[in-house]
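For reference, model-v5.cif is printed below; it contains mmCIF, C-alpha atoms (C1' of nucleotides).
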data_target
loop_
_atom_site.label_atom_id
_atom_site.label_comp_id
_atom_site.auth_asym_id
_atom_site.auth_seq_id
_atom_site.Cartn_x
_atom_site.Cartn_y
_atom_site.Cartn_z
CA MET J 1 0.00 0.00 0.00
CA ALA J 2 1.21 3.48 -0.70
CA LEU J 3 -1.59 5.92 0.07
CA SER J 4 -0.12 6.24 3.54
CA HIS J 5 3.24 7.01 1.96
CA ALA J 6 1.72 9.55 -0.37
CA ILE J 7 0.31 11.28 2.70
CA LEU J 8 3.64 11.18 4.51
CA VAL J 9 5.36 12.70 1.48
CA SER J 10 2.76 15.46 1.40
CA LEU J 11 3.33 16.17 5.09
CA LEU J 12 7.06 16.55 4.44
CA ASP J 13 6.19 19.84 2.83
CA ARG J 14 4.19 21.19 5.74
CA PRO J 15 1.63 20.07 8.35
CA GLN J 16 -1.78 19.67 6.80
CA ALA J 17 -5.37 18.75 7.65
CA GLY J 18 -7.24 15.87 6.02
CA TYR J 19 -9.31 18.33 4.08
CA ASP J 20 -6.21 19.96 2.61
CA LEU J 21 -4.79 16.60 1.62
CA ALA J 22 -8.03 15.58 -0.02
CA LYS J 23 -8.00 18.74 -2.11
CA LEU J 24 -4.36 18.18 -3.00
CA PHE J 25 -5.13 14.65 -4.15
CA ASP J 26 -8.05 15.93 -6.13
CA LYS J 27 -6.16 18.55 -8.03
CA THR J 28 -2.38 18.38 -8.20
CA VAL J 29 -1.52 14.77 -7.57
CA GLY J 30 -4.94 13.47 -8.50
CA GLN J 31 -3.97 12.75 -12.06
CA PHE J 32 -1.63 9.96 -11.00
CA TRP J 33 -2.95 9.24 -7.57
CA ARG J 34 -6.62 9.45 -6.73
CA ALA J 35 -7.91 9.21 -3.17
CA SER J 36 -11.24 10.14 -1.64
CA HIS J 37 -11.56 12.18 1.52
CA GLN J 38 -12.96 9.19 3.39
CA GLN J 39 -9.89 7.20 2.56
CA ILE J 40 -7.58 9.98 3.64
CA TYR J 41 -9.32 10.54 6.98
CA GLY J 42 -9.15 6.83 7.67
CA GLU J 43 -5.50 6.63 6.75
CA LEU J 44 -4.66 9.61 8.95
CA HIS J 45 -6.22 7.86 11.94
CA LYS J 46 -4.14 4.79 11.27
CA LEU J 47 -0.95 6.82 10.87
CA ALA J 48 -1.69 8.64 14.12
CA ALA J 49 -2.21 5.31 15.89
CA LYS J 50 1.25 4.24 14.73
CA ASN J 51 2.71 7.57 15.86
CA PHE J 52 3.87 8.36 12.36
CA VAL J 53 1.93 11.62 12.47
CA GLU J 54 0.85 13.98 15.25
CA ALA J 55 -2.57 15.60 15.37
CA GLU J 56 -3.31 19.10 16.57
CA THR J 57 -6.80 20.49 16.71
CA ILE J 58 -7.13 24.09 15.62
CA GLU J 59 -10.24 25.79 16.92
CA GLN J 60 -11.99 28.00 14.43
CA SER J 61 -14.93 30.22 15.23
CA ASP J 62 -16.67 30.77 11.91
CA ARG J 63 -15.99 27.36 10.37
CA PRO J 64 -15.50 23.76 11.54
CA ASN J 65 -12.39 22.99 13.56
CA LYS J 66 -9.37 21.67 11.75
CA ILE J 67 -7.21 18.74 12.73
CA VAL J 68 -3.76 19.47 11.42
CA TYR J 69 -1.33 16.57 11.13
CA SER J 70 2.44 16.79 11.11
CA LEU J 71 5.13 14.23 10.49
CA THR J 72 6.85 12.79 13.58
CA PRO J 73 10.50 11.63 13.61
CA LEU J 74 9.16 8.07 13.65
CA GLY J 75 7.07 8.79 10.57
CA ARG J 76 10.06 10.34 8.89
CA ASP J 77 12.08 7.18 9.56
CA ALA J 78 9.34 5.00 8.09
CA LEU J 79 9.24 7.25 5.04
CA ASP J 80 13.00 7.04 4.55
CA GLU J 81 12.83 3.29 4.72
CA TRP J 82 10.06 3.14 2.12
CA MET J 83 11.90 5.56 -0.13
CA ALA J 84 14.95 3.30 -0.21
CA GLN J 85 12.95 0.26 -1.23
CA PRO J 86 12.41 -0.60 -4.90
CA THR J 87 8.99 0.11 -6.38
CA ALA J 88 6.86 -2.40 -8.25
CA PRO J 89 5.49 -1.43 -11.66
CA PRO J 90 1.84 -0.47 -11.36
CA SER J 91 -0.63 -3.09 -12.49
CA ILE J 92 -2.77 -1.67 -15.23
CA LYS J 93 -6.37 -2.76 -15.63
CA GLU J 94 -7.26 -1.51 -19.06
CA ASP J 95 -10.80 -2.43 -20.10
CA LEU J 96 -10.09 -1.38 -23.68
CA ILE J 97 -7.56 -4.16 -24.14
CA VAL J 98 -9.93 -6.73 -22.71
CA LYS J 99 -12.47 -5.58 -25.28
CA LEU J 100 -9.91 -5.83 -28.08
CA PHE J 101 -9.41 -9.48 -27.21
CA SER J 102 -12.93 -10.11 -28.47
CA SER J 103 -11.87 -9.09 -31.97
CA GLY J 104 -12.91 -11.75 -34.44
CA LYS J 105 -15.91 -12.79 -32.34
CA ILE J 106 -17.62 -9.46 -31.79
CA GLY J 107 -18.02 -6.68 -34.37
CA ALA J 108 -15.14 -4.25 -34.81
CA SER J 109 -17.36 -1.17 -35.05
CA VAL J 110 -18.08 -1.32 -31.32
CA LEU J 111 -14.35 -1.35 -30.69
CA LEU J 112 -13.89 1.68 -32.91
CA ASP J 113 -16.58 3.55 -30.97
CA ASN J 114 -14.79 2.77 -27.74
CA LEU J 115 -11.47 3.88 -29.14
CA ALA J 116 -12.89 7.17 -30.42
CA GLN J 117 -14.38 7.94 -27.04
CA ARG J 118 -11.15 7.30 -25.15
CA GLN J 119 -9.19 9.20 -27.76
CA GLN J 120 -11.36 12.22 -27.17
CA LEU J 121 -10.90 11.98 -23.43
CA ALA J 122 -7.14 11.64 -23.77
CA ARG J 123 -6.95 14.70 -26.00
CA THR J 124 -8.77 16.81 -23.45
CA ARG J 125 -6.60 15.63 -20.58
CA LEU J 126 -3.45 16.13 -22.58
CA ALA J 127 -4.37 19.71 -23.41
CA GLU J 128 -5.04 20.46 -19.74
CA TRP J 129 -1.72 19.08 -18.55
CA GLU J 130 0.25 20.69 -21.31
CA ALA J 131 -1.28 24.01 -20.35
CA VAL J 132 -0.15 23.51 -16.76
CA ARG J 133 3.33 22.51 -17.88
CA ASP J 134 3.72 25.48 -20.18
CA GLU J 135 2.54 27.86 -17.49
CA PHE J 136 4.57 26.58 -14.55
CA TYR J 137 7.57 24.89 -16.10
CA PRO J 138 8.39 26.70 -19.33
CA ASP J 139 12.15 26.26 -18.91
CA THR J 140 13.26 22.82 -17.71
CA THR J 141 16.87 23.93 -17.39
CA LYS J 142 16.01 26.21 -14.48
CA LEU J 143 14.10 24.03 -12.04
CA THR J 144 14.57 23.76 -8.30
CA PRO J 145 14.76 20.22 -6.90
CA ARG J 146 11.18 20.58 -5.69
CA GLN J 147 9.94 21.74 -9.07
CA THR J 148 11.84 18.95 -10.77
CA GLY J 149 9.84 16.28 -8.95
CA ARG J 150 6.55 17.92 -9.76
CA TYR J 151 7.51 18.57 -13.35
CA LEU J 152 8.42 14.92 -13.83
CA GLY J 153 5.09 13.85 -12.41
CA LEU J 154 3.28 16.04 -14.90
CA GLN J 155 5.55 14.90 -17.68
CA SER J 156 4.75 11.29 -16.88
CA GLY J 157 1.07 12.02 -17.38
CA ILE J 158 1.70 13.92 -20.58
CA THR J 159 3.89 11.28 -22.19
CA SER J 160 1.44 8.64 -21.08
CA GLU J 161 -1.42 10.35 -22.91
CA LEU J 162 0.72 10.96 -25.96
CA ARG J 163 1.66 7.33 -26.31
CA PHE J 164 -1.95 6.30 -25.72
CA LEU J 165 -3.04 8.59 -28.53
CA SER J 166 -0.52 7.20 -30.99
CA TRP J 167 -1.50 3.67 -29.97
CA CYS J 168 -5.14 4.62 -30.62
CA GLU J 169 -4.22 5.73 -34.09
CA GLU J 170 -2.59 2.41 -34.88
CA ALA J 171 -5.59 0.56 -33.45
CA ILE J 172 -8.04 2.58 -35.51
CA LEU J 173 -5.93 2.09 -38.60
CA LEU J 174 -5.96 -1.68 -38.19
CA LEU J 175 -9.60 -2.03 -37.14
CA THR J 176 -11.19 0.25 -39.72
CA PRO J 177 -10.77 -2.15 -42.69
CA ILE J 178 -12.11 -4.99 -40.52
CA ALA J 179 -15.22 -2.97 -39.64
CA GLU J 180 -15.69 -2.08 -43.30
CA LYS J 181 -15.53 -5.70 -44.38
CA GLU J 182 -18.06 -6.62 -41.71
CA ALA J 183 -20.41 -3.89 -42.84
CA ALA J 184 -20.07 -5.04 -46.46
CA ALA J 185 -20.77 -8.66 -45.50
CA LYS J 186 -23.93 -7.63 -43.68
CA ALA J 187 -25.31 -5.63 -46.62
CA MET F 1 -15.49 -4.26 -12.31
CA ALA F 2 -14.20 -6.04 -15.35
CA LEU F 3 -12.56 -9.28 -14.28
CA SER F 4 -15.89 -10.96 -14.94
CA HIS F 5 -15.92 -9.42 -18.40
CA ALA F 6 -12.37 -10.51 -19.06
CA ILE F 7 -13.48 -14.04 -18.25
CA LEU F 8 -16.53 -13.79 -20.51
CA VAL F 9 -14.35 -12.57 -23.37
CA SER F 10 -12.00 -15.50 -22.83
CA LEU F 11 -14.93 -17.92 -22.92
CA LEU F 12 -16.03 -16.46 -26.26
CA ASP F 13 -13.09 -18.28 -27.72
CA ARG F 14 -13.91 -21.68 -26.26
CA PRO F 15 -15.21 -23.26 -23.03
CA GLN F 16 -12.51 -23.33 -20.39
CA ALA F 17 -11.88 -24.44 -16.82
CA GLY F 18 -10.83 -22.05 -14.04
CA TYR F 19 -7.36 -23.51 -14.12
CA ASP F 20 -7.01 -22.77 -17.84
CA LEU F 21 -8.19 -19.22 -17.32
CA ALA F 22 -5.76 -18.70 -14.47
CA LYS F 23 -2.90 -19.82 -16.68
CA LEU F 24 -4.10 -17.60 -19.50
CA PHE F 25 -4.20 -14.61 -17.15
CA ASP F 26 -0.77 -15.49 -15.90
CA LYS F 27 0.88 -15.66 -19.28
CA THR F 28 -0.84 -14.07 -22.28
CA VAL F 29 -3.12 -11.44 -20.83
CA GLY F 30 -1.28 -11.20 -17.54
CA GLN F 31 0.85 -8.29 -18.62
CA PHE F 32 -2.16 -5.99 -18.82
CA TRP F 33 -4.57 -7.84 -16.61
CA ARG F 34 -3.45 -9.79 -13.58
CA ALA F 35 -5.78 -12.14 -11.70
CA SER F 36 -5.07 -14.91 -9.24
CA HIS F 37 -6.66 -18.33 -9.46
CA GLN F 38 -8.62 -17.68 -6.26
CA GLN F 39 -10.17 -14.64 -7.81
CA ILE F 40 -11.03 -16.48 -10.99
CA TYR F 41 -12.66 -19.42 -9.21
CA GLY F 42 -14.71 -17.00 -7.13
CA GLU F 43 -15.75 -15.01 -10.15
CA LEU F 44 -16.76 -18.15 -12.04
CA HIS F 45 -19.08 -19.13 -9.19
CA LYS F 46 -20.70 -15.73 -9.30
CA LEU F 47 -21.08 -15.86 -13.08
CA ALA F 48 -22.63 -19.31 -12.82
CA ALA F 49 -25.07 -18.05 -10.17
CA LYS F 50 -26.18 -15.33 -12.60
CA ASN F 51 -26.50 -17.91 -15.39
CA PHE F 52 -23.95 -16.08 -17.49
CA VAL F 53 -21.88 -19.27 -17.72
CA GLU F 54 -22.68 -22.97 -17.59
CA ALA F 55 -20.54 -25.49 -15.71
CA GLU F 56 -19.80 -29.01 -16.83
CA THR F 57 -17.72 -31.39 -14.75
CA ILE F 58 -15.32 -33.53 -16.72
CA GLU F 59 -14.24 -36.67 -14.89
CA GLN F 60 -10.59 -37.50 -15.22
CA SER F 61 -9.02 -40.69 -13.92
CA ASP F 62 -5.34 -39.84 -13.49
CA ARG F 63 -5.75 -36.21 -12.45
CA PRO F 64 -8.29 -34.04 -10.61
CA ASN F 65 -11.65 -33.48 -12.29
CA LYS F 66 -12.13 -30.37 -14.36
CA ILE F 67 -15.05 -27.97 -14.26
CA VAL F 68 -15.35 -26.52 -17.72
CA TYR F 69 -17.37 -23.33 -18.14
CA SER F 70 -19.05 -22.13 -21.29
CA LEU F 71 -20.80 -18.89 -22.18
CA THR F 72 -24.64 -18.96 -22.11
CA PRO F 73 -26.82 -16.78 -24.38
CA LEU F 74 -27.59 -14.67 -21.31
CA GLY F 75 -23.88 -14.23 -20.67
CA ARG F 76 -23.36 -13.30 -24.28
CA ASP F 77 -26.06 -10.61 -23.98
CA ALA F 78 -24.41 -9.18 -20.88
CA LEU F 79 -21.10 -9.14 -22.70
CA ASP F 80 -22.55 -7.33 -25.70
CA GLU F 81 -24.02 -4.72 -23.41
CA TRP F 82 -20.72 -4.14 -21.66
CA MET F 83 -18.88 -3.96 -24.95
CA ALA F 84 -21.10 -1.12 -26.13
CA GLN F 85 -20.48 0.96 -23.03
CA PRO F 86 -17.62 3.48 -22.88
CA THR F 87 -14.57 2.54 -20.83
CA ALA F 88 -13.03 4.66 -18.12
CA PRO F 89 -9.31 5.37 -18.28
CA PRO F 90 -7.46 3.16 -15.81
CA SER F 91 -6.35 4.86 -12.62
CA ILE F 92 -2.62 4.53 -12.26
CA LYS F 93 -1.04 4.22 -8.86
CA GLU F 94 2.61 4.85 -9.55
CA ASP F 95 4.77 4.77 -6.43
CA LEU F 96 7.68 6.25 -8.32
CA ILE F 97 5.85 9.52 -8.87
CA VAL F 98 4.87 9.71 -5.23
CA LYS F 99 8.55 9.36 -4.40
CA LEU F 100 9.49 12.05 -6.90
CA PHE F 101 7.23 14.46 -5.04
CA SER F 102 9.66 14.29 -2.13
CA SER F 103 12.33 15.91 -4.28
CA GLY F 104 13.81 18.88 -2.45
CA LYS F 105 13.17 17.31 0.95
CA ILE F 106 14.77 13.90 0.54
CA GLY F 107 18.03 13.19 -1.24
CA ALA F 108 17.94 12.72 -5.00
CA SER F 109 20.32 9.75 -5.03
CA VAL F 110 17.60 7.50 -3.59
CA LEU F 111 15.33 8.58 -6.43
CA LEU F 112 18.01 7.76 -8.97
CA ASP F 113 18.42 4.28 -7.47
CA ASN F 114 14.70 3.72 -7.79
CA LEU F 115 14.68 4.93 -11.35
CA ALA F 116 17.58 2.70 -12.35
CA GLN F 117 15.87 -0.34 -10.88
CA ARG F 118 12.60 0.29 -12.71
CA GLN F 119 14.46 1.10 -15.89
CA GLN F 120 16.16 -2.29 -15.74
CA LEU F 121 12.84 -4.03 -15.19
CA ALA F 122 11.22 -2.18 -18.07
CA ARG F 123 14.06 -3.12 -20.41
CA THR F 124 13.66 -6.79 -19.61
CA ARG F 125 9.90 -6.72 -20.09
CA LEU F 126 10.21 -4.78 -23.30
CA ALA F 127 12.65 -7.30 -24.75
CA GLU F 128 10.31 -10.17 -23.87
CA TRP F 129 7.29 -8.59 -25.50
CA GLU F 130 9.17 -7.49 -28.56
CA ALA F 131 10.37 -11.06 -29.00
CA VAL F 132 6.77 -12.29 -28.88
CA ARG F 133 5.67 -9.64 -31.34
CA ASP F 134 8.43 -10.39 -33.78
CA GLU F 135 7.72 -14.09 -33.62
CA PHE F 136 3.93 -14.04 -33.93
CA TYR F 137 3.13 -10.80 -35.69
CA PRO F 138 6.02 -10.03 -38.04
CA ASP F 139 3.77 -8.55 -40.72
CA THR F 140 1.00 -6.27 -39.41
CA THR F 141 -0.53 -5.91 -42.86
CA LYS F 142 -1.61 -9.55 -42.83
CA LEU F 143 -3.48 -10.02 -39.57
CA THR F 144 -6.79 -11.77 -39.02
CA PRO F 145 -9.34 -9.87 -36.87
CA ARG F 146 -8.47 -12.15 -33.97
CA GLN F 147 -4.75 -11.57 -34.34
CA THR F 148 -5.34 -7.83 -34.65
CA GLY F 149 -6.86 -7.65 -31.17
CA ARG F 150 -4.04 -9.62 -29.62
CA TYR F 151 -1.39 -7.72 -31.51
CA LEU F 152 -2.81 -4.41 -30.29
CA GLY F 153 -2.76 -5.67 -26.72
CA LEU F 154 0.89 -6.54 -27.03
CA GLN F 155 1.62 -3.29 -28.79
CA SER F 156 0.01 -1.37 -25.95
CA GLY F 157 2.41 -3.01 -23.52
CA ILE F 158 5.38 -2.37 -25.77
CA THR F 159 4.67 1.31 -26.37
CA SER F 160 3.92 1.72 -22.70
CA GLU F 161 7.36 0.42 -21.73
CA LEU F 162 9.03 2.49 -24.42
CA ARG F 163 7.48 5.69 -23.19
CA PHE F 164 8.34 4.75 -19.60
CA LEU F 165 11.97 4.26 -20.61
CA SER F 166 12.23 7.62 -22.35
CA TRP F 167 10.56 9.28 -19.38
CA CYS F 168 13.15 7.57 -17.13
CA GLU F 169 15.91 9.07 -19.22
CA GLU F 170 14.53 12.56 -18.80
CA ALA F 171 14.11 11.99 -15.06
CA ILE F 172 17.67 10.74 -14.67
CA LEU F 173 18.96 13.64 -16.73
CA LEU F 174 17.25 16.17 -14.48
CA LEU F 175 17.98 14.47 -11.17
CA THR F 176 21.65 13.64 -11.71
CA PRO F 177 22.94 17.23 -11.31
CA ILE F 178 20.79 17.62 -8.20
CA ALA F 179 22.29 14.47 -6.68
CA GLU F 180 25.78 15.68 -7.56
CA LYS F 181 25.24 19.00 -5.86
CA GLU F 182 23.94 17.24 -2.77
CA ALA F 183 27.00 14.97 -2.67
CA ALA F 184 29.29 17.99 -3.04
CA ALA F 185 27.50 19.85 -0.24
CA LYS F 186 27.94 16.88 2.07
CA ALA F 187 31.70 16.54 1.44
"C1'" DA K 1 13.63 -37.17 -1.54
"C1'" DG K 2 12.10 -32.73 -3.36
"C1'" DG K 3 9.70 -30.03 -6.31
"C1'" DC K 4 6.66 -29.17 -10.20
"C1'" DT K 5 2.10 -29.63 -12.67
"C1'" DC K 6 -2.76 -30.46 -12.51
"C1'" DA K 7 -7.06 -28.89 -10.23
"C1'" DT K 8 -10.05 -26.83 -6.95
"C1'" DG K 9 -11.17 -24.47 -3.15
"C1'" DT K 10 -11.71 -21.52 1.96
"C1'" DA K 11 -10.70 -17.56 4.98
"C1'" DA K 12 -8.73 -13.42 6.61
"C1'" DA K 13 -7.13 -9.00 5.76
"C1'" DC K 14 -6.56 -5.09 3.11
"C1'" DG K 15 -7.76 -1.34 -0.13
"C1'" DG K 16 -11.04 1.41 -2.62
"C1'" DT K 17 -15.71 3.09 -3.86
"C1'" DT K 18 -20.23 4.69 -2.86
"C1'" DA K 19 -23.72 6.26 0.02
"C1'" DC K 20 -25.13 8.65 4.01
"C1'" DA K 21 -24.64 12.33 7.73
"C1'" DT K 22 -23.98 17.04 9.81
"C1'" DG K 23 -23.92 22.04 9.88
"C1'" DA K 24 -22.27 26.81 9.36
"C1'" DT K 25 -20.71 30.33 5.92
"C1'" DT K 26 -20.26 32.49 1.52
"C1'" DA K 27 -21.25 33.53 -3.37
"C1'" DC K 28 -24.53 33.93 -7.37
"C1'" DG L 1 -33.35 30.24 -2.88
"C1'" DT L 2 -29.54 27.23 -4.48
"C1'" DA L 3 -25.24 25.72 -4.62
"C1'" DA L 4 -20.62 25.54 -3.32
"C1'" DT L 5 -16.99 25.67 0.29
"C1'" DC L 6 -15.19 24.31 4.71
"C1'" DA L 7 -14.50 20.23 7.72
"C1'" DT L 8 -15.04 15.75 9.61
"C1'" DG L 9 -16.72 11.46 9.91
"C1'" DT L 10 -19.54 6.27 9.74
"C1'" DA L 11 -21.07 2.07 7.31
"C1'" DA L 12 -21.74 -1.15 3.70
"C1'" DC L 13 -19.96 -3.26 -0.05
"C1'" DC L 14 -16.82 -4.83 -3.57
"C1'" DG L 15 -12.39 -6.30 -5.43
"C1'" DT L 16 -7.69 -7.84 -4.55
"C1'" DT L 17 -3.95 -10.06 -2.13
"C1'" DT L 18 -2.00 -13.43 0.82
"C1'" DA L 19 -2.07 -17.46 3.36
"C1'" DC L 20 -3.66 -22.00 4.06
"C1'" DA L 21 -5.45 -26.59 2.36
"C1'" DT L 22 -5.65 -31.06 -0.30
"C1'" DG L 23 -3.92 -34.80 -3.11
"C1'" DA L 24 -2.44 -37.60 -7.13
"C1'" DG L 25 1.08 -38.05 -10.75
"C1'" DC L 26 5.57 -36.99 -12.88
"C1'" DC L 27 10.36 -35.64 -13.37
"C1'" DT L 28 15.27 -35.31 -11.65
#
Starting from the file, give its structure as structure tokens.
Amino acid sequence: MALSHAILVSLLDRPQAGYDLAKLFDKTVGQFWRASHQQIYGELHKLAAKNFVEAETIEQSDRPNKIVYSLTPLGRDALDEWMAQPTAPPSIKEDLIVKLFSSGKIGASVLLDNLAQRQQLARTRLAEWEAVRDEFYPDTTKLTPRQTGRYLGLQSGITSELRFLSWCEEAILLLTPIAEKEAAAKA
Amino acid sequence: MALSHAILVSLLDRPQAGYDLAKLFDKTVGQFWRASHQQIYGELHKLAAKNFVEAETIEQSDRPNKIVYSLTPLGRDALDEWMAQPTAPPSIKEDLIVKLFSSGKIGASVLLDNLAQRQQLARTRLAEWEAVRDEFYPDTTKLTPRQTGRYLGLQSGITSELRFLSWCEEAILLLTPIAEKEAAAKA
DNA sequence: AGGCTCATGTAAACGGTTACATGATTAC
DNA sequence: GTAATCATGTAACCGTTTACATGAGCCT
């Protein structure tokens, strides 16, 4: 599991409340790491029980109280240990490829519809991320260490979408004649 | 959920036992869709309860009996319905990127170690898949519909590793000077 | 003698998603 | 008035992983 580690890394930056972390995971990091607020609150309780984080309640008059968590030395040790360990490649569960395995048994036009839809989605996402990159990291030769990590995260998403789009093109290219033959056979 | 659908697609081809499916998911499809035998047996029971698949026990003298499952018309309908629906992009949980977000707070050399290890792994996988592609699909202009689906699955894995490797190179390029500065500051 | 393949399962624990719950403030 | 923001939580369910279990036959 690594949601707990993602939280610890976020707390390296500064102490934060569950609500802040949830927003962070929704916006910045959310493209590569999604987590709901329920999950984050739960994880924070577990981390506090292990003494990896420390909770401090901040009373607020006009809005609900905050519980701000900060990293303890013990949590920092655990984080260092995790950092040193090798990571496993993420296991992808790509429905599209499962569908492609039906090719030859189920009509190709359905597959083309699916591809077009995902292609559209990927184009939108790509444009959004590229806009962020161009705004915040226009010059990659002048990045602070902190910016470098964030830039590479973004870049991972961008290159991922780009390769998906070129794969889509190949898929469409190969499936289109099959769909055409099927349509001709039906008529 | 789509493990059930992955099973239904596999049964389109021919009736199969849980053991066969587990092997299939371990070897062929396993690169993009991993599932343990426990999961598959469980899922088959659920599919049978819904009458999406039909079980037939095949008595064997020298080895354990087999339970071979085949797709029912009802299962085929469910599959067609799923096929027509749009797919959601897979949510990636990439530990490496979480680690990169620590850049600026935790030493870069640990990140470089992690990158090198994943790079090595990706190279090995890539070589394996390329070997399969070159053996079974040397000429992409002469593919049957069935082969096309399988080829595109493979190709997705291959392009995915390729883009990961080029991303790794950029990451190493940007992090190396940071690690060097850190080492110099320490000495 | 030790380990692999064939073949099926149970059970516990963990992780993630979805739904439900509360309640004040602020913006349109 | 309606919706969004701030802020925290509980509960049920589903999917996945890991561990445990059995037992015959085959290969080295």
Taking all atoms listed in the file into account, produce a table as CSV in which each residue of chain K with an atom at most 9 Å from an atom of chain F appears once, together with its shortest atom pair and the distance in Å to one decimal, ordered by chain and rising number.
residue,atom,partner,partner_atom,distance
K:DC6,C1',F:Arg63,CA,6.5
K:DA7,C1',F:Pro64,CA,5.3
K:DT8,C1',F:Tyr41,CA,8.2
K:DG9,C1',F:Gln38,CA,7.9
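The space separating CA of Ala185 in chain F from CA of Glu170 in chain F comes to 23.8 Å.
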How big is the axis-aligned box around all listed atoms of range 101-120 of chain J once 3 Å goes on each side, and where's its centre, in Å to one decimal, as lines of an AutoDock Vina configuration file?
center_x = -13.6
center_y = -0.3
center_z = -30.1
size_x = 14.9
size_y = 31.0
size_z = 15.9
Mind running chain L against chain J at 12 Å and telling me each contacting residue's nearest atom pair with the distance in Å (one decimal), counting only C-alpha atoms (C1' of nucleotides), chain and number ascending, as CSV?
residue,atom,partner,partner_atom,distance
L:DT5,C1',J:Arg63,CA,10.3
L:DC6,C1',J:Arg63,CA,6.5
L:DA7,C1',J:Pro64,CA,5.3
L:DT8,C1',J:Tyr41,CA,8.2
L:DG9,C1',J:Gln38,CA,7.9
L:DT10,C1',J:Gln38,CA,9.6
L:DA11,C1',J:Gln38,CA,11.5
L:DT16,C1',J:Ser91,CA,11.6
L:DT17,C1',J:Met1,CA,11.0
Expected selection from the PyMOL selection byres ((chain J) within 8 of (chain F)), given as JSON, numbers by chain:
{"J": [2, 5, 6, 9, 10, 12, 13, 32, 33, 34, 83, 84, 85, 86, 87, 88, 89, 90, 91, 92, 93, 94, 95, 96, 97, 98, 99, 100, 101, 102, 103, 104, 105, 110, 111, 114, 117, 118, 144, 145, 146, 147, 148, 149, 150, 152, 153, 155, 156, 159, 160, 163, 164, 167, 171, 174, 175, 178]}
Work out how far apart CA of Leu21 in chain F and CA of Gly75 in chain F are and give it in Å to one decimal.
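These atoms are spaced 16.8 Å apart.
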